[in-house]
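The next block holds one structure in the form of structure tokens; read it before the comments.
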Amino acid sequence: MVHKRIVILLCLLLIINGCAVQSSKAPQIDAKTTYALNLESQVTQYNKDYMQFFQDVGIAQRSGQLTTANVTALNTIGSRTKVALEEADRLTKAYATSYDAGTAATIGSLLAQISSDLTLLVTTRSSMTGGVK
Amino acid sequence: MNAGAIVFLVSESIKLILSHLSQRGSLNTLTQAQAEVMVKSLADALPTVLPTPEELENPPQPPSV
């Protein structure tokens with residue numbers, strides 16, 4: 001029950017904080033279009049964050065800041081993040097034509113999971129490099 | 001220029017404009033029609049498959065001359 005509340009709260013926070021379009025400032029755009037734009041902006045940003053993170057991991061490994069074991073541990077989390085991101089991408093494409101509320105809710109849950117994974121990746125890498133990014 | 005290159009250039013341009021506009025909060029000034037076009041364009045620009053962590057860490061090297 002508590003877990004469910006946390007997931008709902010995280011989804012709300014994500015949507016509020018990640019809003020590229022704010023309903024209060026853009027009343028001319030209907031709610032479902034605003035929601036779609038904000039979901040797409042959020043998913044696009046997470047795709048970029050995932051790609052940038054692992055490009056940086058490769059650079060850090062080549063420069064000796066991360067060991068092979070470190071990279072393997074990060075890749076385990078990253079593989080899970082990749083699956084969630086691809087599902088979010090697929091559902092967001094679908095939402096852009098269906099505007100289905102159930103699909104939007106599933107995307108919201110995926111975004112919460114992806115956000116949590118990306119945070120975990122950054123904190124784990126930071127602890128591996130002794131606080132150096 | 002082939003069709004793939006044109007689609008890539010258009011999607012990259014849209015992403016660049018969107019990034020610029022969202023930083024300035026100007027997405028709020030879109031009309032309903034423009035917003036609907038933007039929804040479609042952004043959805044089309046989303047990838048269907050992402051590279052694995054290993055592929056991102058080890059990008060292919062350009063051939064040496």
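Identifiers for the structure tokens are assigned positionally: chains receive A, B, ... in sequence, residues are indexed from 1 per chain, and ligands are indexed from 1 in the order shown.
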
*Skip region 51-57 of chain A itself and residues of its chain fewer than 3 positions away, then list as JSON, numbers by chain all residues within 6 Å of it, counting only C-alpha atoms.*
{"A": [48, 60], "B": [53, 56, 57]}

Output C-alpha atoms for every residue in that selection, as a compact mmCIF listing (two decimals), in the first residue's frame.
```txt
# COMPACT_ATOMS: atom_id res chain seq x y z
CA LYS A 48 19.47 11.05 -23.82
CA ALA A 60 35.91 6.41 -17.62
CA PRO B 53 25.30 -0.26 -22.46
CA LEU B 56 27.50 2.82 -25.97
CA GLU B 57 30.71 2.22 -24.03
```

*For chain B against chain A, which residues fall within 7 Å using only C-alpha atoms, given as a list in words?*
Ser22, Leu27, Asn28, Thr29, Thr31, Gln32, Ala35, Glu36, Val39, Lys40, Leu42, Ala43, Asp44, Leu46, Pro47, Thr48, Val49, Leu50, Thr52, Pro53, Leu56, Glu57 and Asn58 of chain B

Write to file, as a CSV table (one decimal), in the first residue's frame, the residues of the selection just made, with N, CA and C atoms.
```csv
chain,number,residue,atom,x,y,z
B,22,SER,N,11.8,24.9,-25.0
B,22,SER,CA,11.5,24.5,-23.6
B,22,SER,C,12.4,25.2,-22.6
B,27,LEU,N,7.3,26.8,-25.1
B,27,LEU,CA,6.3,25.8,-25.6
B,27,LEU,C,4.9,26.2,-25.1
B,28,ASN,N,4.9,27.0,-24.1
B,28,ASN,CA,3.5,27.4,-23.6
B,28,ASN,C,2.8,28.3,-24.6
B,29,THR,N,3.6,28.9,-25.6
B,29,THR,CA,3.0,29.8,-26.6
B,29,THR,C,2.5,29.1,-27.8
B,31,THR,N,0.2,27.0,-30.4
B,31,THR,CA,-1.2,26.9,-30.6
B,31,THR,C,-1.6,25.4,-30.5
B,32,GLN,N,-2.9,25.1,-30.4
B,32,GLN,CA,-3.3,23.7,-30.3
B,32,GLN,C,-2.9,22.9,-31.6
B,35,ALA,N,0.8,22.3,-31.4
B,35,ALA,CA,1.1,21.3,-30.3
B,35,ALA,C,0.8,19.9,-30.8
B,36,GLU,N,-0.3,19.8,-31.6
B,36,GLU,CA,-0.6,18.4,-32.1
B,36,GLU,C,0.4,17.9,-33.1
B,39,VAL,N,3.4,16.8,-31.1
B,39,VAL,CA,3.2,15.5,-30.5
B,39,VAL,C,3.5,14.4,-31.5
B,40,LYS,N,3.1,14.6,-32.7
B,40,LYS,CA,3.3,13.5,-33.7
B,40,LYS,C,4.8,13.5,-34.1
B,42,LEU,N,7.4,14.4,-32.2
B,42,LEU,CA,8.2,13.8,-31.1
B,42,LEU,C,8.0,12.3,-31.0
B,43,ALA,N,6.8,11.9,-31.2
B,43,ALA,CA,6.5,10.4,-31.2
B,43,ALA,C,7.3,9.7,-32.3
B,44,ASP,N,7.3,10.3,-33.5
B,44,ASP,CA,8.0,9.7,-34.6
B,44,ASP,C,9.6,9.6,-34.3
B,46,LEU,N,11.0,9.2,-31.5
B,46,LEU,CA,11.5,8.2,-30.4
B,46,LEU,C,12.0,7.0,-31.0
B,47,PRO,N,13.1,6.4,-30.5
B,47,PRO,CA,13.7,5.2,-31.1
B,47,PRO,C,12.8,4.0,-30.8
B,48,THR,N,12.9,3.0,-31.6
B,48,THR,CA,12.3,1.7,-31.3
B,48,THR,C,13.2,0.8,-30.6
B,49,VAL,N,14.5,0.9,-30.9
B,49,VAL,CA,15.5,0.1,-30.2
B,49,VAL,C,16.7,1.0,-29.7
B,50,LEU,N,17.1,0.8,-28.5
B,50,LEU,CA,18.2,1.6,-28.0
B,50,LEU,C,19.5,0.7,-28.0
B,52,THR,N,22.8,-1.1,-26.5
B,52,THR,CA,23.0,-1.7,-25.2
B,52,THR,C,24.1,-0.8,-24.5
B,53,PRO,N,24.2,-1.0,-23.1
B,53,PRO,CA,25.3,-0.3,-22.5
B,53,PRO,C,26.7,-0.5,-23.1
B,56,LEU,N,27.3,1.4,-26.2
B,56,LEU,CA,27.5,2.8,-26.0
B,56,LEU,C,28.9,3.0,-25.4
B,57,GLU,N,29.4,2.1,-24.6
B,57,GLU,CA,30.7,2.2,-24.0
B,57,GLU,C,31.8,2.0,-25.1
B,58,ASN,N,31.5,1.2,-26.1
B,58,ASN,CA,32.5,0.9,-27.1
B,58,ASN,C,32.0,1.2,-28.5
```

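Between CA of Asn70 (chain A) and CA of Met128 (chain A) there is a distance of 7.0 Å.
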
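What separates CA of Gln113 (chain A) from CA of Asp49 (chain A) is a distance of 14.0 Å.
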
_When DSSP is applied to the backbone of this structure, which of region 13-82 of chain A are assigned alpha helix (DSSP H)? Write them out as number ranges by chain._
A: 13-17, 31-62, 68-82

Can you write just those residues out, C-alpha atoms, as a PDB file, in the first residue's frame?
```pdb
ATOM      1  CA  LEU A  13       6.379  14.669  -9.087  1.00  0.00           C
ATOM      2  CA  LEU A  14       7.881  13.569 -12.380  1.00  0.00           C
ATOM      3  CA  ILE A  15       5.016  15.007 -14.362  1.00  0.00           C
ATOM      4  CA  ILE A  16       4.980  18.281 -12.427  1.00  0.00           C
ATOM      5  CA  ASN A  17       8.757  18.769 -12.449  1.00  0.00           C
ATOM      6  CA  ALA A  31      -5.195  18.683 -21.538  1.00  0.00           C
ATOM      7  CA  LYS A  32      -4.514  15.481 -23.457  1.00  0.00           C
ATOM      8  CA  THR A  33      -2.156  17.210 -25.920  1.00  0.00           C
ATOM      9  CA  THR A  34      -0.313  18.922 -23.059  1.00  0.00           C
ATOM     10  CA  TYR A  35      -0.009  15.601 -21.278  1.00  0.00           C
ATOM     11  CA  ALA A  36       1.310  13.893 -24.430  1.00  0.00           C
ATOM     12  CA  LEU A  37       3.905  16.628 -25.003  1.00  0.00           C
ATOM     13  CA  ASN A  38       5.106  16.417 -21.426  1.00  0.00           C
ATOM     14  CA  LEU A  39       5.362  12.616 -21.525  1.00  0.00           C
ATOM     15  CA  GLU A  40       7.306  12.780 -24.795  1.00  0.00           C
ATOM     16  CA  SER A  41       9.667  15.446 -23.456  1.00  0.00           C
ATOM     17  CA  GLN A  42      10.347  13.360 -20.364  1.00  0.00           C
ATOM     18  CA  VAL A  43      10.915  10.117 -22.292  1.00  0.00           C
ATOM     19  CA  THR A  44      13.176  11.909 -24.820  1.00  0.00           C
ATOM     20  CA  GLN A  45      15.272  13.353 -21.991  1.00  0.00           C
ATOM     21  CA  TYR A  46      15.648   9.951 -20.284  1.00  0.00           C
ATOM     22  CA  ASN A  47      16.760   8.368 -23.580  1.00  0.00           C
ATOM     23  CA  LYS A  48      19.468  11.048 -23.816  1.00  0.00           C
ATOM     24  CA  ASP A  49      20.488  10.588 -20.154  1.00  0.00           C
ATOM     25  CA  TYR A  50      20.829   6.803 -20.609  1.00  0.00           C
ATOM     26  CA  MET A  51      22.941   7.151 -23.778  1.00  0.00           C
ATOM     27  CA  GLN A  52      25.164   9.856 -22.302  1.00  0.00           C
ATOM     28  CA  PHE A  53      25.694   7.932 -19.067  1.00  0.00           C
ATOM     29  CA  PHE A  54      27.054   4.800 -20.765  1.00  0.00           C
ATOM     30  CA  GLN A  55      29.170   6.779 -23.250  1.00  0.00           C
ATOM     31  CA  ASP A  56      30.752   8.417 -20.175  1.00  0.00           C
ATOM     32  CA  VAL A  57      31.201   5.001 -18.523  1.00  0.00           C
ATOM     33  CA  GLY A  58      33.159   3.840 -21.581  1.00  0.00           C
ATOM     34  CA  ILE A  59      35.411   6.906 -21.375  1.00  0.00           C
ATOM     35  CA  ALA A  60      35.911   6.408 -17.620  1.00  0.00           C
ATOM     36  CA  GLN A  61      36.839   2.756 -18.145  1.00  0.00           C
ATOM     37  CA  ARG A  62      39.385   3.577 -20.856  1.00  0.00           C
ATOM     38  CA  THR A  68      35.823  -4.085 -15.565  1.00  0.00           C
ATOM     39  CA  ALA A  69      33.900  -5.299 -12.508  1.00  0.00           C
ATOM     40  CA  ASN A  70      32.543  -1.765 -11.943  1.00  0.00           C
ATOM     41  CA  VAL A  71      31.377  -1.553 -15.548  1.00  0.00           C
ATOM     42  CA  THR A  72      29.755  -4.993 -15.396  1.00  0.00           C
ATOM     43  CA  ALA A  73      27.798  -3.935 -12.300  1.00  0.00           C
ATOM     44  CA  LEU A  74      26.645  -0.701 -13.985  1.00  0.00           C
ATOM     45  CA  ASN A  75      25.709  -2.587 -17.162  1.00  0.00           C
ATOM     46  CA  THR A  76      23.459  -4.927 -15.172  1.00  0.00           C
ATOM     47  CA  ILE A  77      21.396  -1.946 -14.009  1.00  0.00           C
ATOM     48  CA  GLY A  78      21.645  -0.345 -17.471  1.00  0.00           C
ATOM     49  CA  SER A  79      20.267  -3.414 -19.236  1.00  0.00           C
ATOM     50  CA  ARG A  80      17.146  -3.202 -17.080  1.00  0.00           C
ATOM     51  CA  THR A  81      16.885   0.539 -17.764  1.00  0.00           C
ATOM     52  CA  LYS A  82      17.182  -0.079 -21.516  1.00  0.00           C
TER      53      LYS A  82
END
```

*Using CA of Ser109 (chain A) and CA of Glu54 (chain B) as the two end points, give the distance in Å to one decimal.*
26.1 Å
